[in-house]
Amino acid sequence: MLSSPQTHNQLLRHTRDIFHHLYREVSCYVPQETLQDMAVASEAAELDDSLSVEELETMVVSFGKKVWPYRKAFDEFMDIEEGRLGEKFFLQKLSPEARRAYRSFLEEGHTFRDLKRGKHVTSHFSPEERTICCAAFVDMRQGLREYVLQEIRGLQREHFEERVEEFLIILKHIEERLDALRDMADLEQEHPHLAAEIRTQIRAFEHGLCLLATNTSYAAVCRAGEHFEGRRVDLGRYVFLASE
């Protein structure tokens, strides 16, 4: 069993690795000033042995929010181009044998999306062909990334910047909802465990903005307020019934 210092160091290393990954992911399409700030913060975090996991996570969340609109806009462009060009890029990376197996897969009524999801794969592809397909998917994503980067630096630059602005507005709405949840937690005097649940959920949403947890959606943040209001009402009803 790991000792507390070992666990702490592992969590620090894991969080630093996520921050480095976030930096690498956005380094080609966020403003240079933001990248420089991230690089300075990352170096400082590496050298500071007294840094707690919570302090490091707070730093990652801070930068994660700054780059979130850019990440969302870029991911949207990637999804669009994958739907338009993904299969073409994928086919270019297949061996003749794997390409024949893929055509047979399509003739059986399956789709490129099915293959991506791994549906019906074992019955149509040999182990070697599956390995080739996996490598082709990796190459496809890299090729699409390079293509999208060219597009948003050229013909699609204005459109990309517009989407960044739109996601910035969504982020503002998310922040407002999270502030409302914080107020709800601060005002919850009767049920301390509910206040703790709310704060844990806020942190999970913040982590989801910067790769520390599952992606955060605006819809999920909106539903959280209603959920916790319902929980508070239910807890009040339970206390009332128990007192009768």
# chains A, B, ... in the order shown; residues from 1 in each chain; ligands from 1

$ residues_around --residues "Glu165 of chain A" --least-positions-apart "4" --cutoff "9 Å" --atoms "only C-alpha atoms" --output "PyMOL selection string"
chain A and resi 69-70+160-161+169-170

$ write_last_selection --atoms "N, CA and C atoms" --output "PDB file, in the first residue's frame"
ATOM      1  N   PRO A  69     -12.465  27.883 -24.676  1.00  0.00           N
ATOM      2  CA  PRO A  69     -13.155  28.277 -25.912  1.00  0.00           C
ATOM      3  C   PRO A  69     -12.383  27.896 -27.170  1.00  0.00           C
ATOM      4  N   TYR A  70     -11.062  27.964 -27.130  1.00  0.00           N
ATOM      5  CA  TYR A  70     -10.239  27.589 -28.280  1.00  0.00           C
ATOM      6  C   TYR A  70     -10.294  26.078 -28.504  1.00  0.00           C
ATOM      7  N   PHE A 160     -13.185  30.455 -37.390  1.00  0.00           N
ATOM      8  CA  PHE A 160     -12.658  29.887 -36.147  1.00  0.00           C
ATOM      9  C   PHE A 160     -12.719  30.914 -35.019  1.00  0.00           C
ATOM     10  N   GLU A 161     -12.305  32.136 -35.298  1.00  0.00           N
ATOM     11  CA  GLU A 161     -12.317  33.187 -34.280  1.00  0.00           C
ATOM     12  C   GLU A 161     -13.740  33.503 -33.830  1.00  0.00           C
ATOM     13  N   ILE A 169     -18.682  33.099 -24.760  1.00  0.00           N
ATOM     14  CA  ILE A 169     -19.966  33.485 -24.174  1.00  0.00           C
ATOM     15  C   ILE A 169     -20.561  32.319 -23.386  1.00  0.00           C
ATOM     16  N   ILE A 170     -20.464  31.111 -23.963  1.00  0.00           N
ATOM     17  CA  ILE A 170     -20.963  29.920 -23.259  1.00  0.00           C
ATOM     18  C   ILE A 170     -20.198  29.717 -21.953  1.00  0.00           C
TER      19      ILE A 170
END

$ residues_around --residues "segment 21-25 of chain A" --least-positions-apart "3" --cutoff "10 Å" --atoms "only C-alpha atoms" --output "MDAnalysis selection string"
chainID A and resid 15:18 28:30 34:35 38:39 42 60 63:64 67 71 210:212

$ closest_residue --among "A:Arg232, A:Asp79, A:Phe19, A:Ser123" --to "Met59 of chain A" --atoms "only C-alpha atoms"
A:Phe19

$ residues_around --residues "segment 94-99 of chain A" --least-positions-apart "2" --cutoff "12 Å" --atoms "only C-alpha atoms" --output "PDB file with all heavy atoms, in the first residue's frame"
ATOM      1  N   GLU A  87     -12.903   9.335 -43.510  1.00  0.00           N
ATOM      2  CA  GLU A  87     -12.827   8.029 -44.161  1.00  0.00           C
ATOM      3  C   GLU A  87     -11.781   8.031 -45.273  1.00  0.00           C
ATOM      4  O   GLU A  87     -11.034   7.056 -45.438  1.00  0.00           O
ATOM      5  CB  GLU A  87     -14.186   7.638 -44.720  1.00  0.00           C
ATOM      6  CG  GLU A  87     -14.232   6.221 -45.261  1.00  0.00           C
ATOM      7  CD  GLU A  87     -15.625   5.820 -45.704  1.00  0.00           C
ATOM      8  OE1 GLU A  87     -16.418   6.710 -46.083  1.00  0.00           O
ATOM      9  OE2 GLU A  87     -15.933   4.617 -45.659  1.00  0.00           O
ATOM     10  N   LYS A  88     -11.688   9.124 -46.007  1.00  0.00           N
ATOM     11  CA  LYS A  88     -10.689   9.233 -47.084  1.00  0.00           C
ATOM     12  C   LYS A  88      -9.282   9.143 -46.506  1.00  0.00           C
ATOM     13  O   LYS A  88      -8.429   8.400 -47.014  1.00  0.00           O
ATOM     14  CB  LYS A  88     -10.873  10.550 -47.826  1.00  0.00           C
ATOM     15  CG  LYS A  88      -9.846  10.809 -48.906  1.00  0.00           C
ATOM     16  CD  LYS A  88     -10.062  12.165 -49.562  1.00  0.00           C
ATOM     17  CE  LYS A  88      -8.971  12.458 -50.582  1.00  0.00           C
ATOM     18  NZ  LYS A  88      -9.139  13.794 -51.198  1.00  0.00           N
ATOM     19  N   PHE A  89      -9.017   9.891 -45.438  1.00  0.00           N
ATOM     20  CA  PHE A  89      -7.709   9.858 -44.797  1.00  0.00           C
ATOM     21  C   PHE A  89      -7.412   8.461 -44.254  1.00  0.00           C
ATOM     22  O   PHE A  89      -6.288   7.975 -44.344  1.00  0.00           O
ATOM     23  CB  PHE A  89      -7.653  10.870 -43.648  1.00  0.00           C
ATOM     24  CG  PHE A  89      -7.394  12.290 -44.072  1.00  0.00           C
ATOM     25  CD1 PHE A  89      -7.981  12.814 -45.219  1.00  0.00           C
ATOM     26  CD2 PHE A  89      -6.595  13.117 -43.317  1.00  0.00           C
ATOM     27  CE1 PHE A  89      -7.754  14.121 -45.606  1.00  0.00           C
ATOM     28  CE2 PHE A  89      -6.351  14.426 -43.691  1.00  0.00           C
ATOM     29  CZ  PHE A  89      -6.938  14.928 -44.840  1.00  0.00           C
ATOM     30  N   PHE A  90      -8.427   7.836 -43.683  1.00  0.00           N
ATOM     31  CA  PHE A  90      -8.282   6.503 -43.103  1.00  0.00           C
ATOM     32  C   PHE A  90      -7.897   5.483 -44.166  1.00  0.00           C
ATOM     33  O   PHE A  90      -6.962   4.686 -43.980  1.00  0.00           O
ATOM     34  CB  PHE A  90      -9.597   6.118 -42.428  1.00  0.00           C
ATOM     35  CG  PHE A  90      -9.661   4.704 -41.943  1.00  0.00           C
ATOM     36  CD1 PHE A  90      -8.989   4.312 -40.805  1.00  0.00           C
ATOM     37  CD2 PHE A  90     -10.409   3.750 -42.632  1.00  0.00           C
ATOM     38  CE1 PHE A  90      -9.057   2.998 -40.345  1.00  0.00           C
ATOM     39  CE2 PHE A  90     -10.482   2.444 -42.181  1.00  0.00           C
ATOM     40  CZ  PHE A  90      -9.801   2.064 -41.045  1.00  0.00           C
ATOM     41  N   LEU A  91      -8.596   5.490 -45.300  1.00  0.00           N
ATOM     42  CA  LEU A  91      -8.348   4.520 -46.368  1.00  0.00           C
ATOM     43  C   LEU A  91      -6.927   4.627 -46.911  1.00  0.00           C
ATOM     44  O   LEU A  91      -6.332   3.624 -47.320  1.00  0.00           O
ATOM     45  CB  LEU A  91      -9.355   4.712 -47.495  1.00  0.00           C
ATOM     46  CG  LEU A  91     -10.773   4.201 -47.212  1.00  0.00           C
ATOM     47  CD1 LEU A  91     -11.730   4.668 -48.297  1.00  0.00           C
ATOM     48  CD2 LEU A  91     -10.787   2.697 -47.088  1.00  0.00           C
ATOM     49  N   GLN A  92      -6.391   5.837 -46.917  1.00  0.00           N
ATOM     50  CA  GLN A  92      -5.035   6.039 -47.449  1.00  0.00           C
ATOM     51  C   GLN A  92      -3.980   5.322 -46.612  1.00  0.00           C
ATOM     52  O   GLN A  92      -2.884   5.054 -47.105  1.00  0.00           O
ATOM     53  CB  GLN A  92      -4.721   7.535 -47.500  1.00  0.00           C
ATOM     54  CG  GLN A  92      -5.529   8.304 -48.537  1.00  0.00           C
ATOM     55  CD  GLN A  92      -5.333   9.800 -48.436  1.00  0.00           C
ATOM     56  OE1 GLN A  92      -4.695  10.302 -47.496  1.00  0.00           O
ATOM     57  NE2 GLN A  92      -5.861  10.541 -49.405  1.00  0.00           N
ATOM     58  N   ALA A 101     -10.881  -5.926 -46.578  1.00  0.00           N
ATOM     59  CA  ALA A 101     -11.702  -6.309 -45.431  1.00  0.00           C
ATOM     60  C   ALA A 101     -12.677  -5.183 -45.074  1.00  0.00           C
ATOM     61  O   ALA A 101     -13.834  -5.445 -44.707  1.00  0.00           O
ATOM     62  CB  ALA A 101     -10.814  -6.640 -44.237  1.00  0.00           C
ATOM     63  N   TYR A 102     -12.222  -3.945 -45.212  1.00  0.00           N
ATOM     64  CA  TYR A 102     -13.088  -2.810 -44.899  1.00  0.00           C
ATOM     65  C   TYR A 102     -14.233  -2.706 -45.910  1.00  0.00           C
ATOM     66  O   TYR A 102     -15.381  -2.446 -45.526  1.00  0.00           O
ATOM     67  CB  TYR A 102     -12.281  -1.519 -44.886  1.00  0.00           C
ATOM     68  CG  TYR A 102     -13.112  -0.291 -44.635  1.00  0.00           C
ATOM     69  CD1 TYR A 102     -13.783  -0.122 -43.427  1.00  0.00           C
ATOM     70  CD2 TYR A 102     -13.248   0.699 -45.605  1.00  0.00           C
ATOM     71  CE1 TYR A 102     -14.564   0.997 -43.191  1.00  0.00           C
ATOM     72  CE2 TYR A 102     -14.025   1.817 -45.383  1.00  0.00           C
ATOM     73  CZ  TYR A 102     -14.685   1.967 -44.172  1.00  0.00           C
ATOM     74  OH  TYR A 102     -15.470   3.078 -43.949  1.00  0.00           O
ATOM     75  N   ARG A 103     -13.947  -2.949 -47.189  1.00  0.00           N
ATOM     76  CA  ARG A 103     -15.017  -2.916 -48.201  1.00  0.00           C
ATOM     77  C   ARG A 103     -16.059  -3.993 -47.900  1.00  0.00           C
ATOM     78  O   ARG A 103     -17.268  -3.771 -48.026  1.00  0.00           O
ATOM     79  CB  ARG A 103     -14.425  -3.131 -49.596  1.00  0.00           C
ATOM     80  CG  ARG A 103     -13.580  -1.970 -50.105  1.00  0.00           C
ATOM     81  CD  ARG A 103     -13.390  -2.053 -51.611  1.00  0.00           C
ATOM     82  NE  ARG A 103     -12.408  -1.093 -52.078  1.00  0.00           N
ATOM     83  CZ  ARG A 103     -11.143  -1.367 -52.351  1.00  0.00           C
ATOM     84  NH1 ARG A 103     -10.706  -2.622 -52.204  1.00  0.00           N
ATOM     85  NH2 ARG A 103     -10.312  -0.441 -52.763  1.00  0.00           N
ATOM     86  N   SER A 104     -15.597  -5.183 -47.510  1.00  0.00           N
ATOM     87  CA  SER A 104     -16.515  -6.261 -47.137  1.00  0.00           C
ATOM     88  C   SER A 104     -17.351  -5.858 -45.930  1.00  0.00           C
ATOM     89  O   SER A 104     -18.552  -6.153 -45.858  1.00  0.00           O
ATOM     90  CB  SER A 104     -15.719  -7.536 -46.839  1.00  0.00           C
ATOM     91  OG  SER A 104     -16.567  -8.552 -46.355  1.00  0.00           O
ATOM     92  N   PHE A 105     -16.735  -5.173 -45.004  1.00  0.00           N
ATOM     93  CA  PHE A 105     -17.410  -4.670 -43.801  1.00  0.00           C
ATOM     94  C   PHE A 105     -18.556  -3.731 -44.204  1.00  0.00           C
ATOM     95  O   PHE A 105     -19.670  -3.817 -43.670  1.00  0.00           O
ATOM     96  CB  PHE A 105     -16.375  -3.942 -42.945  1.00  0.00           C
ATOM     97  CG  PHE A 105     -16.878  -3.379 -41.650  1.00  0.00           C
ATOM     98  CD1 PHE A 105     -17.123  -4.201 -40.557  1.00  0.00           C
ATOM     99  CD2 PHE A 105     -17.077  -2.009 -41.505  1.00  0.00           C
ATOM    100  CE1 PHE A 105     -17.570  -3.672 -39.355  1.00  0.00           C
ATOM    101  CE2 PHE A 105     -17.519  -1.476 -40.306  1.00  0.00           C
ATOM    102  CZ  PHE A 105     -17.768  -2.310 -39.223  1.00  0.00           C
ATOM    103  N   LEU A 106     -18.288  -2.839 -45.161  1.00  0.00           N
ATOM    104  CA  LEU A 106     -19.313  -1.906 -45.628  1.00  0.00           C
ATOM    105  C   LEU A 106     -20.424  -2.633 -46.384  1.00  0.00           C
ATOM    106  O   LEU A 106     -21.604  -2.292 -46.251  1.00  0.00           O
ATOM    107  CB  LEU A 106     -18.685  -0.838 -46.536  1.00  0.00           C
ATOM    108  CG  LEU A 106     -17.656   0.102 -45.902  1.00  0.00           C
ATOM    109  CD1 LEU A 106     -17.129   1.090 -46.941  1.00  0.00           C
ATOM    110  CD2 LEU A 106     -18.252   0.860 -44.708  1.00  0.00           C
ATOM    111  N   VAL A 121     -16.370  -5.646 -35.322  1.00  0.00           N
ATOM    112  CA  VAL A 121     -15.013  -5.655 -35.875  1.00  0.00           C
ATOM    113  C   VAL A 121     -14.395  -7.048 -35.853  1.00  0.00           C
ATOM    114  O   VAL A 121     -13.791  -7.490 -36.846  1.00  0.00           O
ATOM    115  CB  VAL A 121     -14.113  -4.654 -35.102  1.00  0.00           C
ATOM    116  CG1 VAL A 121     -12.645  -4.853 -35.486  1.00  0.00           C
ATOM    117  CG2 VAL A 121     -14.544  -3.226 -35.402  1.00  0.00           C
ATOM    118  N   HIS A 124     -15.103  -9.418 -38.778  1.00  0.00           N
ATOM    119  CA  HIS A 124     -14.784  -8.998 -40.138  1.00  0.00           C
ATOM    120  C   HIS A 124     -13.296  -8.761 -40.381  1.00  0.00           C
ATOM    121  O   HIS A 124     -12.857  -8.726 -41.536  1.00  0.00           O
ATOM    122  CB  HIS A 124     -15.541  -7.709 -40.488  1.00  0.00           C
ATOM    123  CG  HIS A 124     -17.003  -7.900 -40.718  1.00  0.00           C
ATOM    124  ND1 HIS A 124     -17.913  -8.001 -39.695  1.00  0.00           N
ATOM    125  CD2 HIS A 124     -17.717  -8.031 -41.872  1.00  0.00           C
ATOM    126  CE1 HIS A 124     -19.132  -8.169 -40.191  1.00  0.00           C
ATOM    127  NE2 HIS A 124     -19.036  -8.198 -41.502  1.00  0.00           N
ATOM    128  N   PHE A 125     -12.525  -8.596 -39.307  1.00  0.00           N
ATOM    129  CA  PHE A 125     -11.110  -8.259 -39.470  1.00  0.00           C
ATOM    130  C   PHE A 125     -10.243  -9.231 -38.674  1.00  0.00           C
ATOM    131  O   PHE A 125     -10.578  -9.592 -37.541  1.00  0.00           O
ATOM    132  CB  PHE A 125     -10.825  -6.830 -38.993  1.00  0.00           C
ATOM    133  CG  PHE A 125     -11.535  -5.760 -39.776  1.00  0.00           C
ATOM    134  CD1 PHE A 125     -12.824  -5.367 -39.432  1.00  0.00           C
ATOM    135  CD2 PHE A 125     -10.921  -5.150 -40.862  1.00  0.00           C
ATOM    136  CE1 PHE A 125     -13.492  -4.380 -40.143  1.00  0.00           C
ATOM    137  CE2 PHE A 125     -11.575  -4.161 -41.576  1.00  0.00           C
ATOM    138  CZ  PHE A 125     -12.864  -3.778 -41.227  1.00  0.00           C
ATOM    139  N   SER A 126      -9.136  -9.626 -39.270  1.00  0.00           N
ATOM    140  CA  SER A 126      -8.180 -10.476 -38.566  1.00  0.00           C
ATOM    141  C   SER A 126      -7.458  -9.632 -37.518  1.00  0.00           C
ATOM    142  O   SER A 126      -7.488  -8.400 -37.577  1.00  0.00           O
ATOM    143  CB  SER A 126      -7.166 -11.048 -39.555  1.00  0.00           C
ATOM    144  OG  SER A 126      -6.331 -10.006 -40.055  1.00  0.00           O
ATOM    145  N   PRO A 127      -6.791 -10.276 -36.550  1.00  0.00           N
ATOM    146  CA  PRO A 127      -6.032  -9.505 -35.552  1.00  0.00           C
ATOM    147  C   PRO A 127      -5.034  -8.546 -36.197  1.00  0.00           C
ATOM    148  O   PRO A 127      -4.883  -7.409 -35.749  1.00  0.00           O
ATOM    149  CB  PRO A 127      -5.329 -10.592 -34.734  1.00  0.00           C
ATOM    150  CG  PRO A 127      -6.239 -11.775 -34.842  1.00  0.00           C
ATOM    151  CD  PRO A 127      -6.793 -11.723 -36.245  1.00  0.00           C
ATOM    152  N   GLU A 128      -4.358  -8.993 -37.249  1.00  0.00           N
ATOM    153  CA  GLU A 128      -3.394  -8.131 -37.932  1.00  0.00           C
ATOM    154  C   GLU A 128      -4.102  -6.945 -38.587  1.00  0.00           C
ATOM    155  O   GLU A 128      -3.620  -5.805 -38.526  1.00  0.00           O
ATOM    156  CB  GLU A 128      -2.638  -8.929 -38.992  1.00  0.00           C
ATOM    157  CG  GLU A 128      -1.579  -8.096 -39.713  1.00  0.00           C
ATOM    158  CD  GLU A 128      -0.858  -8.894 -40.781  1.00  0.00           C
ATOM    159  OE1 GLU A 128      -1.105 -10.116 -40.876  1.00  0.00           O
ATOM    160  OE2 GLU A 128      -0.057  -8.300 -41.525  1.00  0.00           O
ATOM    161  N   GLU A 129      -5.249  -7.206 -39.216  1.00  0.00           N
ATOM    162  CA  GLU A 129      -6.005  -6.119 -39.857  1.00  0.00           C
ATOM    163  C   GLU A 129      -6.540  -5.131 -38.836  1.00  0.00           C
ATOM    164  O   GLU A 129      -6.576  -3.921 -39.088  1.00  0.00           O
ATOM    165  CB  GLU A 129      -7.151  -6.702 -40.683  1.00  0.00           C
ATOM    166  CG  GLU A 129      -6.690  -7.432 -41.934  1.00  0.00           C
ATOM    167  CD  GLU A 129      -7.772  -8.317 -42.543  1.00  0.00           C
ATOM    168  OE1 GLU A 129      -8.811  -8.543 -41.866  1.00  0.00           O
ATOM    169  OE2 GLU A 129      -7.581  -8.794 -43.671  1.00  0.00           O
ATOM    170  N   ARG A 130      -6.926  -5.629 -37.657  1.00  0.00           N
ATOM    171  CA  ARG A 130      -7.399  -4.730 -36.596  1.00  0.00           C
ATOM    172  C   ARG A 130      -6.265  -3.821 -36.122  1.00  0.00           C
ATOM    173  O   ARG A 130      -6.478  -2.634 -35.848  1.00  0.00           O
ATOM    174  CB  ARG A 130      -7.988  -5.532 -35.427  1.00  0.00           C
ATOM    175  CG  ARG A 130      -9.279  -6.252 -35.783  1.00  0.00           C
ATOM    176  CD  ARG A 130     -10.068  -6.636 -34.540  1.00  0.00           C
ATOM    177  NE  ARG A 130      -9.395  -7.617 -33.711  1.00  0.00           N
ATOM    178  CZ  ARG A 130      -9.508  -8.931 -33.860  1.00  0.00           C
ATOM    179  NH1 ARG A 130     -10.245  -9.442 -34.856  1.00  0.00           N
ATOM    180  NH2 ARG A 130      -8.891  -9.771 -33.043  1.00  0.00           N
ATOM    181  N   THR A 131      -5.077  -4.382 -36.026  1.00  0.00           N
ATOM    182  CA  THR A 131      -3.919  -3.568 -35.633  1.00  0.00           C
ATOM    183  C   THR A 131      -3.649  -2.487 -36.660  1.00  0.00           C
ATOM    184  O   THR A 131      -3.374  -1.326 -36.316  1.00  0.00           O
ATOM    185  CB  THR A 131      -2.672  -4.459 -35.477  1.00  0.00           C
ATOM    186  OG1 THR A 131      -2.912  -5.446 -34.469  1.00  0.00           O
ATOM    187  CG2 THR A 131      -1.456  -3.635 -35.104  1.00  0.00           C
ATOM    188  N   ILE A 132      -3.753  -2.849 -37.945  1.00  0.00           N
ATOM    189  CA  ILE A 132      -3.540  -1.879 -39.028  1.00  0.00           C
ATOM    190  C   ILE A 132      -4.604  -0.781 -38.971  1.00  0.00           C
ATOM    191  O   ILE A 132      -4.303   0.412 -39.146  1.00  0.00           O
ATOM    192  CB  ILE A 132      -3.566  -2.589 -40.394  1.00  0.00           C
ATOM    193  CG1 ILE A 132      -2.343  -3.496 -40.539  1.00  0.00           C
ATOM    194  CG2 ILE A 132      -3.609  -1.571 -41.542  1.00  0.00           C
ATOM    195  CD1 ILE A 132      -2.389  -4.412 -41.746  1.00  0.00           C
ATOM    196  N   CYS A 133      -5.850  -1.168 -38.694  1.00  0.00           N
ATOM    197  CA  CYS A 133      -6.939  -0.186 -38.609  1.00  0.00           C
ATOM    198  C   CYS A 133      -6.715   0.783 -37.453  1.00  0.00           C
ATOM    199  O   CYS A 133      -6.951   1.988 -37.587  1.00  0.00           O
ATOM    200  CB  CYS A 133      -8.279  -0.888 -38.449  1.00  0.00           C
ATOM    201  SG  CYS A 133      -8.887  -1.683 -39.957  1.00  0.00           S
ATOM    202  N   CYS A 134      -6.265   0.269 -36.322  1.00  0.00           N
ATOM    203  CA  CYS A 134      -5.998   1.133 -35.169  1.00  0.00           C
ATOM    204  C   CYS A 134      -4.922   2.161 -35.493  1.00  0.00           C
ATOM    205  O   CYS A 134      -5.062   3.352 -35.170  1.00  0.00           O
ATOM    206  CB  CYS A 134      -5.568   0.298 -33.967  1.00  0.00           C
ATOM    207  SG  CYS A 134      -6.907  -0.646 -33.206  1.00  0.00           S
ATOM    208  N   ALA A 135      -3.854   1.697 -36.141  1.00  0.00           N
ATOM    209  CA  ALA A 135      -2.784   2.621 -36.529  1.00  0.00           C
ATOM    210  C   ALA A 135      -3.295   3.630 -37.553  1.00  0.00           C
ATOM    211  O   ALA A 135      -2.917   4.812 -37.521  1.00  0.00           O
ATOM    212  CB  ALA A 135      -1.601   1.839 -37.104  1.00  0.00           C
ATOM    213  N   ALA A 136      -4.174   3.179 -38.459  1.00  0.00           N
ATOM    214  CA  ALA A 136      -4.727   4.075 -39.480  1.00  0.00           C
ATOM    215  C   ALA A 136      -5.589   5.158 -38.845  1.00  0.00           C
ATOM    216  O   ALA A 136      -5.590   6.308 -39.303  1.00  0.00           O
ATOM    217  CB  ALA A 136      -5.536   3.280 -40.500  1.00  0.00           C
ATOM    218  N   PHE A 137      -6.327   4.807 -37.795  1.00  0.00           N
ATOM    219  CA  PHE A 137      -7.137   5.815 -37.100  1.00  0.00           C
ATOM    220  C   PHE A 137      -6.247   6.874 -36.458  1.00  0.00           C
ATOM    221  O   PHE A 137      -6.558   8.067 -36.498  1.00  0.00           O
ATOM    222  CB  PHE A 137      -8.020   5.162 -36.041  1.00  0.00           C
ATOM    223  CG  PHE A 137      -9.312   4.625 -36.576  1.00  0.00           C
ATOM    224  CD1 PHE A 137      -9.637   3.293 -36.419  1.00  0.00           C
ATOM    225  CD2 PHE A 137     -10.205   5.456 -37.238  1.00  0.00           C
ATOM    226  CE1 PHE A 137     -10.842   2.783 -36.909  1.00  0.00           C
ATOM    227  CE2 PHE A 137     -11.406   4.959 -37.734  1.00  0.00           C
ATOM    228  CZ  PHE A 137     -11.722   3.626 -37.572  1.00  0.00           C
ATOM    229  N   VAL A 138      -5.149   6.453 -35.849  1.00  0.00           N
ATOM    230  CA  VAL A 138      -4.218   7.401 -35.243  1.00  0.00           C
ATOM    231  C   VAL A 138      -3.650   8.337 -36.300  1.00  0.00           C
ATOM    232  O   VAL A 138      -3.607   9.565 -36.129  1.00  0.00           O
ATOM    233  CB  VAL A 138      -3.080   6.659 -34.517  1.00  0.00           C
ATOM    234  CG1 VAL A 138      -2.016   7.649 -34.034  1.00  0.00           C
ATOM    235  CG2 VAL A 138      -3.620   5.860 -33.343  1.00  0.00           C
ATOM    236  N   ASP A 139      -3.223   7.764 -37.426  1.00  0.00           N
ATOM    237  CA  ASP A 139      -2.673   8.576 -38.518  1.00  0.00           C
ATOM    238  C   ASP A 139      -3.733   9.499 -39.103  1.00  0.00           C
ATOM    239  O   ASP A 139      -3.442  10.631 -39.496  1.00  0.00           O
ATOM    240  CB  ASP A 139      -2.113   7.670 -39.621  1.00  0.00           C
ATOM    241  CG  ASP A 139      -0.859   6.933 -39.191  1.00  0.00           C
ATOM    242  OD1 ASP A 139      -0.233   7.369 -38.211  1.00  0.00           O
ATOM    243  OD2 ASP A 139      -0.518   5.912 -39.821  1.00  0.00           O
ATOM    244  N   MET A 140      -4.969   8.996 -39.192  1.00  0.00           N
ATOM    245  CA  MET A 140      -6.075   9.809 -39.705  1.00  0.00           C
ATOM    246  C   MET A 140      -6.265  11.050 -38.849  1.00  0.00           C
ATOM    247  O   MET A 140      -6.390  12.168 -39.357  1.00  0.00           O
ATOM    248  CB  MET A 140      -7.355   8.996 -39.728  1.00  0.00           C
ATOM    249  CG  MET A 140      -8.593   9.776 -40.146  1.00  0.00           C
ATOM    250  SD  MET A 140     -10.139   8.973 -39.624  1.00  0.00           S
ATOM    251  CE  MET A 140     -10.156   9.374 -37.854  1.00  0.00           C
TER     252      MET A 140
END

$ residues_around --residues "His173 of chain A" --least-positions-apart "3" --cutoff "12 Å" --atoms "only C-alpha atoms" --output "PyMOL selection string"
chain A and resi 166-170+176-180+217-219+221-222

$ closest_residue --among "A:His8, A:Met78, A:Asp186, A:Val61" --to "Leu209 of chain A" --atoms "only C-alpha atoms"
A:Val61

$ select_by_dssp --residues "segment 42-234 of chain A" --states "alpha helix (DSSP H)" --output "JSON, numbers by chain"
{"A": [42, 43, 44, 45, 46, 47, 53, 54, 55, 56, 57, 58, 59, 60, 61, 62, 63, 64, 65, 66, 67, 68, 69, 70, 71, 72, 73, 74, 75, 76, 77, 78, 79, 80, 81, 87, 88, 89, 90, 91, 92, 96, 97, 98, 99, 100, 101, 102, 103, 104, 105, 106, 107, 112, 113, 114, 115, 116, 117, 127, 128, 129, 130, 131, 132, 133, 134, 135, 136, 137, 138, 139, 140, 141, 142, 143, 144, 145, 146, 147, 148, 149, 150, 151, 152, 153, 157, 158, 159, 160, 161, 162, 163, 164, 165, 166, 167, 168, 169, 170, 171, 172, 173, 174, 175, 176, 177, 178, 179, 180, 181, 182, 183, 184, 185, 186, 187, 192, 193, 194, 195, 196, 197, 198, 199, 200, 201, 202, 203, 204, 205, 206, 207, 208, 218, 219, 220, 221, 222, 223, 224, 225, 226, 227, 228, 229, 230, 231, 232, 233, 234]}

$ atom_distance --atom1 "atom CA of Ala73 of chain A" --atom2 "atom CA of Val26 of chain A"
11.1 Å

$ atom_distance --atom1 "atom CA of Arg145 of chain A" --atom2 "atom CA of His120 of chain A"
27.4 Å

$ atom_distance --atom1 "atom CA of Val40 of chain A" --atom2 "atom CA of Lys65 of chain A"
17.0 Å
